[in-house]
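K.L.:
Pasting a structure here, questions to come.
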Amino acid sequence: MAEAEAWITGIGIVSCLGEGPDAHWNALNASRPQADTNTLAPYIIHPLAPVDFDKQIPKKGDQRQMEPWQRTGAYAAGLALDSAGVKGNTAILSNMDMIVAAGGGERDLAVDANIMTGMPTAADPGAWLNERLMSDLRPTLFLAQLSNLLAGNISIVHGVTGSSRTFMGEESAGIDAMRIALSRIAAGQSSIALVGGAFNADRPDHLLIKEFGGYNLKDTFAPVWDRGPKGGLALGSFGAFLVLEERSHADSRGAKRIAKLSAVLSDRSNRKPGQVSATLEQLWQKLAGRLKAGSHAVITGASGAEPATGEERAFYAKHPDVPVRASGTFIGHADEPQFAMNLALAALAIGRGTLFPPCDESGVERPMQGSLAQAVVASVGHAWGEGLALVEAGP
Amino acid sequence: MPSTKDKQKRPVVVVTGMGVVTSLGAGKTENWEKLTAGLSGVKTISRFPTDNLKTKMAGTVDFLDVEPYSTAALSERLADLASEEAVGESGIGKRGDFPGPLFLAVPPIEIEWPHRLEVAAASRGNASVGYADLLREAATGKFAAMHDRFQLGSVANTIADKFGTKGSPISLSTACASGATAIQLGVEAIRRGETDTALCIGTDGSVNPESLIRFSLLSALSMWSGEPGAAAKPFSKNRDGFVMAEGAGALVLESMESALARGATILGVVEGCGEMADAFHRTRSSPDGKPIIGCIRNALNDAGLTPDDIDYINPHGTGTPENDKMECLGVTTVFGERASKIPISSNKSMVGHTLSAAGAIEAVFTLLTLRNERIPPTINYKVPDPAIQLDVVPNTARDAKNLRHAISSSFGFGGQNVSLVMGLEPA
């Protein structure tokens with residue numbers, strides 16, 4: 001049985017570059033990264049641009065029930081539904097499948113600090129911990145922490161109720177969310193899906209996890225390819241959702257098909273030296289037969305973390321004729337939503353038939369001659385998980 | 001030769017291996033004996049002090065040696081144990097070389113208090129300690145293992161490595177429906193023809209102070225002060241909340257064609273999956289019951305069955321006033337006059353609510369119910385609720401011949417609902 005085609009018919013993105021396709025496209029073309037070296041110094045983050053959440057989350061009560069990562073996600077999801085022209089269309093939304101790639105929740109930093117400070121002198125530490133948590137935790141904080149509650153909030157705010165699934169697992173969650181959504185559409189198990197995620201970088205508790213592993217970029221900002229032997233990732237706040245739609249479903253309602261999502265491949269190498277490059281090469285070979293010479297490029301979510309980004313650089317060195325762009329230089333790294341974000345940027349580039357200019361002096365990113373018809377989106381997780389996707393223009 | 005395609009010409013998905021661990025014990029044999037004897041695994045919490053807590057009991061799994069305890073570490077051990085039993089029973093693949101993907105329902109992994117306090121203690125230099133101090137201490141590299149341990153994908157990675165599942169393992173959460181979603185993802189992958197088999201697991205070892213307190217602050221937990229085993233009272237008039245619990249359920253799903261070809265024993269069939277999200281509220285279900293009703297109907301439609309074909313219902317049955325009322329409305333609406341005649345028994349009355357694991361554990365128990373022709377009871381049913389006119393199989397297990405098809409439902413916080421239809425033979 002022939003596989004159904006899946007098209008991107010809606011894009012919802014918000015990041016430090018602003019919101020929507022034009023803001024992102026203009027900033028990428030201006031080669032002007034936005035990084036904040038002050039707020040959480042010595043750590044460098046890419047904070048969310050100012051957003052009027054009322055525009056996509058009209059009820060203040062709903063906004064209050066969410067922490068920033070959920071608000072960012074619910075906002076981006078609303079943008080995607082608007083972009084696809086299905087906002088408020090109950091008939092479609094009640095059959096729309098949703099896969100959200102989500103991390104964990106955000107802590108109440110003051111409550112945590114108070115407990116850490118008081119614990120050593122508490123007469124009965126266990127009882128005191130219970131007492132503090134019982135009286136200091138806000139009941140609604142739990143709902144803002146639960147991974148699956150971004151999806152829950154999207155159902156409540158936007159009425160997406162066909163199905164609701166949340167994948168966890170850092171970068172891989174974002175890749176596999178797209179892979180499963182695409183597979184379901186290709187096999188006729190789904191006709192329209194909302195897929196994406198969100199992340200809030202402006203959080204010391206998120207930095208902490210990365211800092212355990214020594215992954216954070218500190219002190220001086222540089223493009224992701226140019227962060228020295230130790231490397232480093234700069235967390236970025238952003239939300240990214242796509243509406244994926246089966247071709248005839250899109251055509252029957254007169255939707256604009258922005259770009260075709262032709263393939264999503266994922267794997268998990270064992271991260272021994274050379275394995276990331278080898279895994280990328282294996283995945284690449286599965287796409288190679290479909291790539292047209294001179295009209296394709298790579299848009300990657302390379303984080304800047306080593307050794308992952310070094311291995312990715314080595315892989316591109318073996319494909320010197322393929323232009324590469326790392327969006328992380330501009331918007332930072334966000335584990336779960338970065339794959340959706342890069343698919344969105346790829347779709348924008350395909351829609352415009354051109355790639356944005358390099359933003360790197362280390363030699364990895366080179367100018368592209370000619371027009372762009374295909375983009376391979378790459379993801380190499382900071383600690384595990386590799387993925388590639390193919391986004392194409394098409395009739 | 002039975003057809004290996006269902007009514008919609010999709011591959012029939014069968015179960016060839018099952019494993020389970022709960023507060024009642026490890027393995028199907030021990031669990032089934034205790035489940036049909038009407039025993040409870042709920043007990044007073046001994047893992048941590050319970051002073052100042054309103055709820056002091058849970059269905060913890062205390063017989064596994066997991067030190068130091070964390071949700072991640074215990075969830076991993078539980079998943080490992082259940083998978084050993086399931087993969088061993090199925091006989092598929094080779095040891096450490098499972099020929100299909102992994103779908104793992106797991107609680108969200110996060111740094112917990114013992115670990116946060118360990119780093120805080122190491123960072124001590126100031127009278128007060130905040131995240132800046134933790135960050136400074138983390139930068140020493142002494143706690144590098146905490147990065148890997150507290151990644152949300154860490155449990156799935158370990159299980160994937162041990163069992164040699166193929167491709168990128170998927171960790172997922174649909175709250176209390178997670179275990180059923182893991183099975184649904186496996187069913188879909190086999191129906192797409194991507195794989196002949198999938199390892200689907202639900203696991204949860206999250207009874208720690210903060211997790212308990214979070215549910216407590218949402219007023220979701222039973223505050224029963226009597227004998228702990230009597231706390232979970234699904235469908236009773238005096239039900240007062242659910243009881244947190246731990247465990248894991250694992251199922252080896254396989255295309256019927258593959259199972260027959262290798263001569264595997266077919267333990268049951270996953271005939272249909274249905275889901276429908278609720279847009280009403282973060283913790284309460286829509287008052288009209290439509291998402292629950294739609295979810296159950298979607299599962300029946302997917303299986304190609306009608307309500308009349310269902311002989312047993314394994315409900316979500318948490319024992320919260322809200323859930324049981326809404327679930328009764330859903331069941332009554334879908335099954336009409338037959339609703340009061342179909343046995344519906346809540347495993348959670350005995351094992352507690354195993355959260356991310358519940359859908360998978362209850363799928364295992366549902367198939368055991370069909371295979372053994374014996375229905376585990378809803379225990380602690382002392383005060384009937386006149387508003388719930390259902391046959392809850394009160395307090396004592398019951399023999400039941402010719403159970404053809406059963407439905408198991410899971411409804412999660414955040415409005416994520418999943419129902420699974422199972423049988424012994426293809427529908």
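FYI, nothing fancy with the structure tokens labels: chains A, B, ... in order, residues from 1 per chain, ligands from 1 as they appear.
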So which residues touch Ala305 of chain A within 9 Å, counting only C-alpha atoms, skipping near sequence neighbours fewer than 5 positions away, as a list in words?

P.N.:
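So the residues in contact are Gly214, Tyr215, Asn216, Leu217, Val224, Arg227, Lys230, Gly231, Gly232, Leu233, Ala234, Gly310, Gly381, His382 and Ala383 of chain A.
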
K.L.:
Find the spatial neighbours of Gly412 of chain B, counting only C-alpha atoms, within a cut-off of 8 Å - ignore same-chain residues fewer than 4 positions away - and output them as a ChimeraX atom specification.

P.N.:
/B:174-178,416-417

K.L.:
So the first atom is atom CA of Leu291 of chain A and the second is atom CA of Lys318 of chain A; what is the distance between them in Å, to one decimal place?

P.N.:
15.9 Å

K.L.:
Here is a test: counting only C-alpha atoms, which residue of B:Phe235, B:Tyr312, B:Phe411, B:Phe335 is nearest to Ala387 of chain B?

P.N.:
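Counting only C-alpha atoms, the residue closest to Ala387 of chain B is B:Phe235.
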
K.L.:
Assign secondary structure with DSSP using the backbone only, and return the residues of segment 90-320 of chain B in strand (DSSP E) as an MDAnalysis selection string.

P.N.:
chainID B and resid 102:105 170:173 197:204 247:255 268:277 310:314

K.L.:
Print the selection's residues with N, CA, C and O atoms to a file, as a compact mmCIF listing (two decimals), in the first residue's frame.

P.N.:
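Done, and the output landed in out-v6.txt:
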# COMPACT_ATOMS: atom_id res chain seq x y z
N LEU B 102 11.10 -0.44 22.11
CA LEU B 102 10.66 -0.32 23.50
C LEU B 102 9.75 0.89 23.65
O LEU B 102 10.09 1.99 23.22
N PHE B 103 8.60 0.67 24.26
CA PHE B 103 7.71 1.77 24.65
C PHE B 103 7.56 1.71 26.17
O PHE B 103 7.00 0.74 26.69
N LEU B 104 8.06 2.71 26.86
CA LEU B 104 8.11 2.68 28.32
C LEU B 104 7.32 3.81 28.93
O LEU B 104 7.61 4.99 28.72
N ALA B 105 6.30 3.45 29.70
CA ALA B 105 5.57 4.43 30.50
C ALA B 105 6.28 4.56 31.83
O ALA B 105 6.47 3.57 32.53
N ILE B 170 11.28 4.77 23.46
CA ILE B 170 10.36 5.89 23.72
C ILE B 170 9.90 5.85 25.17
O ILE B 170 9.35 4.85 25.64
N SER B 171 10.15 6.95 25.88
CA SER B 171 9.62 7.15 27.23
C SER B 171 8.39 8.03 27.08
O SER B 171 8.43 9.01 26.34
N LEU B 172 7.34 7.70 27.78
CA LEU B 172 6.12 8.47 27.58
C LEU B 172 5.35 8.66 28.86
O LEU B 172 5.54 7.92 29.83
N SER B 173 4.53 9.69 28.84
CA SER B 173 3.62 9.91 29.96
C SER B 173 2.28 10.42 29.46
O SER B 173 2.21 11.37 28.70
N THR B 197 7.30 -7.17 16.64
CA THR B 197 7.14 -7.28 18.08
C THR B 197 7.51 -5.97 18.74
O THR B 197 8.22 -5.14 18.16
N ALA B 198 7.01 -5.77 19.96
CA ALA B 198 7.35 -4.58 20.73
C ALA B 198 7.32 -4.95 22.21
O ALA B 198 6.51 -5.77 22.63
N LEU B 199 8.22 -4.33 22.95
CA LEU B 199 8.22 -4.50 24.41
C LEU B 199 7.56 -3.27 25.02
O LEU B 199 8.06 -2.15 24.86
N CYS B 200 6.41 -3.48 25.66
CA CYS B 200 5.62 -2.37 26.20
C CYS B 200 5.57 -2.50 27.72
O CYS B 200 5.15 -3.54 28.24
N ILE B 201 6.01 -1.45 28.39
CA ILE B 201 6.15 -1.51 29.85
C ILE B 201 5.50 -0.29 30.48
O ILE B 201 5.62 0.82 29.96
N GLY B 202 4.88 -0.50 31.60
CA GLY B 202 4.51 0.60 32.48
C GLY B 202 5.19 0.38 33.81
O GLY B 202 5.13 -0.73 34.34
N THR B 203 5.86 1.40 34.32
CA THR B 203 6.56 1.23 35.60
C THR B 203 6.39 2.47 36.44
O THR B 203 6.26 3.58 35.91
N ASP B 204 6.39 2.30 37.75
CA ASP B 204 6.29 3.46 38.64
C ASP B 204 6.79 3.10 40.03
O ASP B 204 6.26 2.20 40.67
N GLY B 247 4.86 -0.38 41.12
CA GLY B 247 4.85 -1.66 40.42
C GLY B 247 5.23 -1.48 38.97
O GLY B 247 5.57 -0.38 38.53
N ALA B 248 5.17 -2.58 38.25
CA ALA B 248 5.43 -2.54 36.81
C ALA B 248 4.67 -3.67 36.14
O ALA B 248 4.48 -4.74 36.73
N GLY B 249 4.26 -3.41 34.92
CA GLY B 249 3.68 -4.44 34.09
C GLY B 249 4.41 -4.41 32.75
O GLY B 249 4.72 -3.33 32.25
N ALA B 250 4.72 -5.56 32.20
CA ALA B 250 5.41 -5.61 30.91
C ALA B 250 4.70 -6.60 30.01
O ALA B 250 4.27 -7.67 30.47
N LEU B 251 4.56 -6.24 28.74
CA LEU B 251 3.93 -7.14 27.78
C LEU B 251 4.79 -7.22 26.53
O LEU B 251 5.25 -6.19 26.02
N VAL B 252 5.01 -8.44 26.07
CA VAL B 252 5.61 -8.61 24.75
C VAL B 252 4.45 -8.71 23.76
O VAL B 252 3.65 -9.66 23.82
N LEU B 253 4.33 -7.70 22.91
CA LEU B 253 3.32 -7.73 21.85
C LEU B 253 3.98 -8.28 20.59
O LEU B 253 5.16 -8.05 20.35
N GLU B 254 3.18 -8.96 19.80
CA GLU B 254 3.75 -9.60 18.61
C GLU B 254 2.66 -9.74 17.57
O GLU B 254 1.48 -9.91 17.91
N SER B 255 3.04 -9.65 16.32
CA SER B 255 2.03 -9.93 15.30
C SER B 255 1.66 -11.40 15.41
O SER B 255 2.50 -12.25 15.71
N GLY B 268 -3.05 -13.91 24.62
CA GLY B 268 -4.23 -13.08 24.45
C GLY B 268 -4.05 -12.17 23.25
O GLY B 268 -2.99 -12.17 22.62
N VAL B 269 -5.08 -11.44 22.95
CA VAL B 269 -5.08 -10.55 21.79
C VAL B 269 -5.42 -9.14 22.26
O VAL B 269 -6.34 -8.95 23.05
N VAL B 270 -4.64 -8.16 21.78
CA VAL B 270 -5.05 -6.77 22.01
C VAL B 270 -5.86 -6.37 20.79
O VAL B 270 -5.33 -6.12 19.72
N GLU B 271 -7.17 -6.34 20.98
CA GLU B 271 -8.07 -6.23 19.83
C GLU B 271 -8.32 -4.79 19.41
O GLU B 271 -8.56 -4.51 18.24
N GLY B 272 -8.29 -3.90 20.38
CA GLY B 272 -8.58 -2.52 20.02
C GLY B 272 -8.06 -1.54 21.06
O GLY B 272 -7.93 -1.88 22.25
N CYS B 273 -7.76 -0.34 20.58
CA CYS B 273 -7.30 0.73 21.47
C CYS B 273 -8.14 1.97 21.14
O CYS B 273 -8.41 2.25 19.98
N GLY B 274 -8.50 2.69 22.19
CA GLY B 274 -9.23 3.93 21.96
C GLY B 274 -8.70 5.00 22.88
O GLY B 274 -8.21 4.71 23.97
N GLU B 275 -8.78 6.24 22.43
CA GLU B 275 -8.37 7.33 23.29
C GLU B 275 -9.23 8.54 22.95
O GLU B 275 -9.82 8.63 21.88
N MET B 276 -9.32 9.42 23.90
CA MET B 276 -9.97 10.70 23.68
C MET B 276 -9.55 11.62 24.81
O MET B 276 -9.65 11.25 25.98
N ALA B 277 -9.04 12.78 24.45
CA ALA B 277 -8.58 13.70 25.49
C ALA B 277 -9.75 14.55 25.97
O ALA B 277 -10.71 14.78 25.25
N ILE B 310 -18.73 -7.33 25.27
CA ILE B 310 -17.83 -7.21 26.42
C ILE B 310 -18.38 -7.97 27.63
O ILE B 310 -19.52 -7.74 28.05
N ASP B 311 -17.56 -8.85 28.18
CA ASP B 311 -17.99 -9.69 29.30
C ASP B 311 -17.35 -9.30 30.63
O ASP B 311 -17.72 -9.83 31.67
N TYR B 312 -16.33 -8.46 30.58
CA TYR B 312 -15.67 -8.05 31.83
C TYR B 312 -15.09 -6.65 31.63
O TYR B 312 -14.54 -6.35 30.55
N ILE B 313 -15.19 -5.83 32.65
CA ILE B 313 -14.61 -4.49 32.60
C ILE B 313 -13.57 -4.37 33.71
O ILE B 313 -13.86 -4.62 34.89
N ASN B 314 -12.36 -4.01 33.31
CA ASN B 314 -11.33 -3.68 34.28
C ASN B 314 -11.24 -2.15 34.29
O ASN B 314 -10.66 -1.54 33.39

K.L.:
Might you pull out every residue within 6 Å of Ser147 of chain A, with only C-alpha atoms counted and same-chain residues fewer than 2 positions away left off, and present them as a list in words?

P.N.:
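Contacts, with the query itself left out: Ala102, Gly103, Gly104 and Leu149 of chain A.
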
K.L.:
I need the chosen residues saved as a short mmCIF file (atom, residue, chain, number, x, y, z; two decimals), in the first residue's frame, with N, CA, C and O atoms.

P.N.:
data_model
loop_
_atom_site.label_atom_id
_atom_site.label_comp_id
_atom_site.auth_asym_id
_atom_site.auth_seq_id
_atom_site.Cartn_x
_atom_site.Cartn_y
_atom_site.Cartn_z
N ALA A 102 8.12 16.62 26.04
CA ALA A 102 8.17 17.46 27.23
C ALA A 102 9.23 17.00 28.21
O ALA A 102 9.51 15.81 28.33
N GLY A 103 9.79 17.96 28.88
CA GLY A 103 10.71 17.67 29.97
C GLY A 103 9.97 17.71 31.29
O GLY A 103 8.76 17.51 31.35
N GLY A 104 10.72 17.94 32.31
CA GLY A 104 10.13 17.98 33.64
C GLY A 104 9.67 19.36 33.98
O GLY A 104 9.82 20.31 33.22
N LEU A 149 1.26 17.69 31.32
CA LEU A 149 0.29 18.77 31.47
C LEU A 149 0.47 19.90 30.46
O LEU A 149 -0.39 20.78 30.36
#

K.L.:
Among segment 235-313 of chain A, which ones does DSSP assign to helix (DSSP H, G or I) (computed from the backbone)? Answer as JSON, numbers by chain.

P.N.:
{"A": [247, 248, 249, 250, 251, 252, 275, 276, 277, 278, 279, 280, 281, 282, 283, 284, 285, 286, 287, 288, 308, 309, 310, 311, 312, 313]}

K.L.:
I'd like the neighbourhood of Lys43 of chain B as a PyMOL selection string, where a residue qualifies if any of its atoms comes within 7 Å (using only C-alpha atoms), though same-chain residues fewer than 3 positions away should be ignored.

P.N.:
chain B and resi 57-59+228-229

K.L.:
Grab the residues selected above and save them as a short mmCIF file (atom, residue, chain, number, x, y, z; two decimals), in the first residue's frame with C-alpha atoms.

P.N.:
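Generated file (selection-v1.cif):
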data_model
loop_
_atom_site.label_atom_id
_atom_site.label_comp_id
_atom_site.auth_asym_id
_atom_site.auth_seq_id
_atom_site.Cartn_x
_atom_site.Cartn_y
_atom_site.Cartn_z
CA MET B 57 -0.01 4.45 53.64
CA ALA B 58 0.90 3.35 50.14
CA GLY B 59 1.31 0.23 48.04
CA PRO B 228 -3.98 0.46 55.61
CA GLY B 229 -5.25 -2.47 53.53
#

K.L.:
Of the residues B:Val187, B:Val87, B:Leu117, B:Ala132, which is the one nearest to Asp302 of chain B, using only C-alpha atoms?

P.N.:
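Among the listed residues, B:Val187 lies closest to Asp302 of chain B.
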
K.L.:
So what do you get for atom CA of Ala145 of chain B versus atom CA of Gly213 of chain A, distance-wise?

P.N.:
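Distance reported for this atom pair: 7.6 Å.
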
K.L.:
Please provide the set of residues having any atom within 6 Å of Val100 of chain A, restricted to only C-alpha atoms, with same-chain residues fewer than 5 positions apart removed, written as a PyMOL selection string.

P.N.:
chain A and resi 166+195-197

K.L.:
Could you turn the residues from that selection into a file that holds N, CA and C atoms, as an mmCIF file, in the first residue's frame?

P.N.:
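For reference, again_22.cif as written:
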data_model
loop_
_atom_site.group_PDB
_atom_site.id
_atom_site.type_symbol
_atom_site.label_atom_id
_atom_site.label_comp_id
_atom_site.auth_asym_id
_atom_site.auth_seq_id
_atom_site.Cartn_x
_atom_site.Cartn_y
_atom_site.Cartn_z
ATOM 1 N N THR A 166 2.386 12.268 25.439
ATOM 2 C CA THR A 166 3.565 13.045 25.778
ATOM 3 C C THR A 166 4.781 12.131 25.811
ATOM 4 N N VAL A 195 2.290 18.589 16.756
ATOM 5 C CA VAL A 195 3.480 17.976 17.342
ATOM 6 C C VAL A 195 4.495 19.055 17.695
ATOM 7 N N GLY A 196 5.058 18.975 18.884
ATOM 8 C CA GLY A 196 6.084 19.938 19.258
ATOM 9 C C GLY A 196 6.367 19.918 20.736
ATOM 10 N N GLY A 197 6.882 21.038 21.234
ATOM 11 C CA GLY A 197 7.227 21.105 22.645
ATOM 12 C C GLY A 197 7.684 22.497 23.023
#

K.L.:
Within 6 Å of chain A, which residues of chain B are there when counting only C-alpha atoms? Please give them as a PyMOL selection string.

P.N.:
chain B and resi 49+51-52+128-130+135+138-139+143-144+147+152-153+167-168+171-174+217-218+275-277+279+414

K.L.:
Can you measure atom CA of His353 of chain B to atom CA of Val243 of chain B for me? One decimal in Å is fine.

P.N.:
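Atom-to-atom, atom CA of His353 of chain B to atom CA of Val243 of chain B, that is 5.7 Å.
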
K.L.:
Considering only C-alpha atoms, can you say which of A:Glu281, A:Asp321, A:Asp108, A:Glu392 comes closest to Arg366 of chain A?

P.N.:
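Answer, going by the shortest atom-to-atom distance: A:Asp321.
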
K.L.:
For a quick check of understanding, using only C-alpha atoms, which of B:Val15, B:Val119, B:Leu420, B:Ala160 has the smallest distance to Glu89 of chain B?

P.N.:
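Under the stated criterion, the closest residue is B:Val15.
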
K.L.:
Could you produce a table of the residues of segment 304-344 of chain A lying within 12 Å of segment 283-290 of chain A, with the nearest pair of atoms per residue and their separation in Å rounded to one decimal, using only C-alpha atoms, ordered by chain and increasing residue number, as a tab-separated table?

P.N.:
residue	atom	partner	partner_atom	distance
A:Phe315	CA	A:Trp284	CA	10.0
A:Tyr316	CA	A:Trp284	CA	10.8
A:Lys318	CA	A:Trp284	CA	11.5
A:His319	CA	A:Trp284	CA	10.4
A:Val322	CA	A:Ala288	CA	11.7

K.L.:
Would you export the selected residues with N, CA, C and O atoms as an mmCIF file, in the first residue's frame, please?

P.N.:
data_model
loop_
_atom_site.group_PDB
_atom_site.id
_atom_site.type_symbol
_atom_site.label_atom_id
_atom_site.label_comp_id
_atom_site.auth_asym_id
_atom_site.auth_seq_id
_atom_site.Cartn_x
_atom_site.Cartn_y
_atom_site.Cartn_z
ATOM 1 N N PHE A 315 31.342 14.593 10.995
ATOM 2 C CA PHE A 315 30.432 14.020 9.999
ATOM 3 C C PHE A 315 30.256 14.981 8.821
ATOM 4 O O PHE A 315 30.336 14.587 7.656
ATOM 5 N N TYR A 316 30.046 16.262 9.123
ATOM 6 C CA TYR A 316 29.860 17.226 8.032
ATOM 7 C C TYR A 316 31.130 17.395 7.213
ATOM 8 O O TYR A 316 31.064 17.679 6.012
ATOM 9 N N LYS A 318 32.898 15.208 6.183
ATOM 10 C CA LYS A 318 32.893 14.177 5.137
ATOM 11 C C LYS A 318 31.885 14.492 4.029
ATOM 12 O O LYS A 318 31.807 13.756 3.046
ATOM 13 N N HIS A 319 31.093 15.524 4.232
ATOM 14 C CA HIS A 319 30.114 15.937 3.217
ATOM 15 C C HIS A 319 30.321 17.418 2.911
ATOM 16 O O HIS A 319 29.428 18.241 3.155
ATOM 17 N N VAL A 322 27.772 19.929 1.257
ATOM 18 C CA VAL A 322 26.448 20.198 1.813
ATOM 19 C C VAL A 322 26.517 21.388 2.776
ATOM 20 O O VAL A 322 27.207 21.330 3.783
#

K.L.:
Point out the residue among B:Asp308, B:Leu35, B:Glu257, B:Ser70 with the least atom-to-atom distance to Arg374 of chain B, counting only C-alpha atoms.

P.N.:
B:Leu35

K.L.:
Find the residues around Ile342 of chain B up to 12 Å (only C-alpha atoms counted), leave out those fewer than 4 positions away in its own chain, and share them as an MDAnalysis selection string.

P.N.:
chainID B and resid 307:315 331:332 334:338 375 389:393 400 403 405:407

K.L.:
Pick out the residues sitting within 10 Å of Ala49 of chain A, and hand them over as a PyMOL selection string; count only C-alpha atoms, and ignore anything fewer than 6 positions along from it in its own chain.

P.N.:
chain A and resi 14-19+34+237-238
